[in-house]
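Peer 1: Have a look at this one before I ask anything.
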Amino acid sequence: MSLASVAAADRFVDLAGLLESCEVDGFHADFLSWGHYRPEYWRNYWHTHSFHEVCLAYSGEGRFNSGSVLYDVTPGSVFLARPGDVHEIESSRSSPLGIAFWGFTFRPGSLEPGWWSGLTRADGPVMSDRVGSLPELISALSAEAAAPVSGYSTVLASLGATLVMETARAFALDDDLAVEPVRRDRGHMVVEAMQRHLRDNLSRPITVRDVAAAAHLSERHAERLFQQQTGASIMSTLRRLRLELAAQLLLDPAVTVTEVARACGYSDVRPFSTAFRRHYGRTPGDHRRTGGTEFI
């Protein structure tokens, strides 16, 4: 967490007119306000909004009154006023409060519990210390708004959507945030990476060492894992991929057999022709003459 980065959020107000709405996981949010209070004494008296207003304290102290409940605010406090909540904020005089704030409407696309319940649950908490990535998001949004360049609207919409989600997560119940564990077959992913390395380097000399290094594995481990996942060795797979590519390239009459051989990692036509005939049962020339088909 880097609350110091929020100190530059005086540029946060620059987002007005640049980021007005975003889609968040099937939900729609309209941003209505962006702002920043410097760490000096201030007070905004009792009031209410028709939208969600969220504040992140980055320095100093203060109090947040929500209805009849008073909350102490310190650096790292995230506090929320839902639509219709009567509230006020007052900075400490001896240790002035600095905050960044943002306001948005939120139209749920689902009434099922989820990360959004922190916004939609009327009886939910209004004070949280789950800062998460909010300081970094505020800093990134402020920086993008201060000097927009090509593509800024896409960047701002993505950051804005994440801001809404992280805001809701800060106030959601643990049970509403829980999801089924994601089970990933790392072995399958690693073998896919090795196969991709083979396809990307068919014209180059390749050894098992090269493929293992690309997957950050020992040669022995790489070969064993590859065999388990595919039923074939790394080098036999390399030969098959090269010859499958050759079969495709041979259908282009503008490419010579020598060029095909080199494109498939063979330095000479003779070993290429031998390997091709062994794999397909016919020579490269016969394959080209028949257009890649066989007549029985």
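To be explicit about the labels: the chains of the structure tokens are called A, B, and onward in the order shown, and within each one the residues are counted from 1, while ligands get numbers from 1 in the order they are shown.
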Hey, what's within 8 Å of A:Leu141 if we count only C-alpha atoms and toss same-chain stuff fewer than 6 positions away? As number ranges by chain, please?

Peer 2: A: 12, 15, 156, 159-160

Peer 1: Neighbours of A:Asp129 within 9 Å (only C-alpha atoms; same-chain residues fewer than 3 positions away dropped), as a list in words?

Peer 2: Gly76, Ser77, Val78, Phe79, Gly132 and Ala170 of chain A

Peer 1: Those residues you just picked out, can you put them in a file as an mmCIF file, in the first residue's frame with N, CA, C and O atoms?

Peer 2:
```cif
data_model
loop_
_atom_site.group_PDB
_atom_site.id
_atom_site.type_symbol
_atom_site.label_atom_id
_atom_site.label_comp_id
_atom_site.auth_asym_id
_atom_site.auth_seq_id
_atom_site.Cartn_x
_atom_site.Cartn_y
_atom_site.Cartn_z
ATOM 1 N N GLY A 76 -5.382 5.491 5.593
ATOM 2 C CA GLY A 76 -5.745 4.129 5.240
ATOM 3 C C GLY A 76 -7.210 3.832 5.445
ATOM 4 O O GLY A 76 -7.674 2.750 5.081
ATOM 5 N N SER A 77 -7.961 4.797 6.017
ATOM 6 C CA SER A 77 -9.404 4.604 6.183
ATOM 7 C C SER A 77 -10.109 4.826 4.843
ATOM 8 O O SER A 77 -9.833 5.798 4.131
ATOM 9 N N VAL A 78 -11.000 3.899 4.498
ATOM 10 C CA VAL A 78 -11.872 4.063 3.331
ATOM 11 C C VAL A 78 -13.286 4.161 3.869
ATOM 12 O O VAL A 78 -13.725 3.276 4.621
ATOM 13 N N PHE A 79 -14.013 5.222 3.530
ATOM 14 C CA PHE A 79 -15.361 5.351 4.068
ATOM 15 C C PHE A 79 -16.340 5.718 2.956
ATOM 16 O O PHE A 79 -15.994 6.347 1.962
ATOM 17 N N GLY A 132 -6.540 -2.255 -0.271
ATOM 18 C CA GLY A 132 -6.239 -2.956 -1.507
ATOM 19 C C GLY A 132 -5.353 -2.135 -2.427
ATOM 20 O O GLY A 132 -4.361 -1.539 -2.007
ATOM 21 N N ALA A 170 -13.931 -3.448 -0.779
ATOM 22 C CA ALA A 170 -13.528 -2.916 0.519
ATOM 23 C C ALA A 170 -14.652 -3.026 1.541
ATOM 24 O O ALA A 170 -14.393 -3.105 2.748
#
```

Peer 1: Closest to A:Leu243 among A:Arg130, A:His197, A:His36, A:Arg262, using only C-alpha atoms?

Peer 2: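 Residue with the minimum atom-to-atom distance to A:Leu243: A:Arg262.
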
Peer 1: Which residues in stretch 54-133 of chain A does DSSP call strand (DSSP E)? List them as a ChimeraX atom specification.

Peer 2: /A:54-59,62-66,69-73,78-81,87-91,98-107,127-128

Peer 1: Leaving out A:Ser91 and any residue of its chain fewer than 2 positions from it, which residues lie within 12 Å of it when counting only C-alpha atoms, given as a list of chain:residue names?

Peer 2: A:Tyr37, A:Arg38, A:Pro39, A:Glu40, A:Tyr41, A:Trp42, A:Arg43, A:Asn44, A:Tyr45, A:Ala57, A:Ser59, A:Gly60, A:Glu61, A:Gly62, A:Arg63, A:Phe64, A:Asn65, A:Asp72, A:Val73, A:Thr74, A:Glu88, A:Ile89, A:Arg93, A:Ser94, A:Ser95, A:Pro96, A:Leu97, A:Gly98, A:Ile99

Peer 1: Could you tell me how far atom CA of A:Met194 sits from atom CA of A:Phe226, in Å to one decimal place?

Peer 2: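 Answer for the atom CA of A:Phe226 to atom CA of A:Met194 separation: 8.2 Å.
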
Peer 1: For A:Arg107, work out the shell of residues within 12 Å, counting only C-alpha atoms and skipping chain neighbours fewer than 2 positions away, then give it as a ChimeraX atom specification.

Peer 2: /A:21-31,51-52,104-105,109-111,116-117,119-120,164

Peer 1: Would you return as number ranges by chain the members of stretch 26-151 of chain A that DSSP assigns to helix (DSSP H, G or I) on this structure's backbone?

Peer 2: A: 117-120, 134-146

Peer 1: Calculated over only C-alpha atoms, which of the candidates A:Ala100, A:Cys55, A:Met127, A:Ala168 has the smallest distance to A:Val69?

Peer 2: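 With only C-alpha atoms as the atom set, the closest residue is A:Met127.
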
Peer 1: Using only C-alpha atoms, which of A:Val260, A:Ile138, A:Val211, A:Ala81 sits nearest A:Val126?

Peer 2: A:Ala81
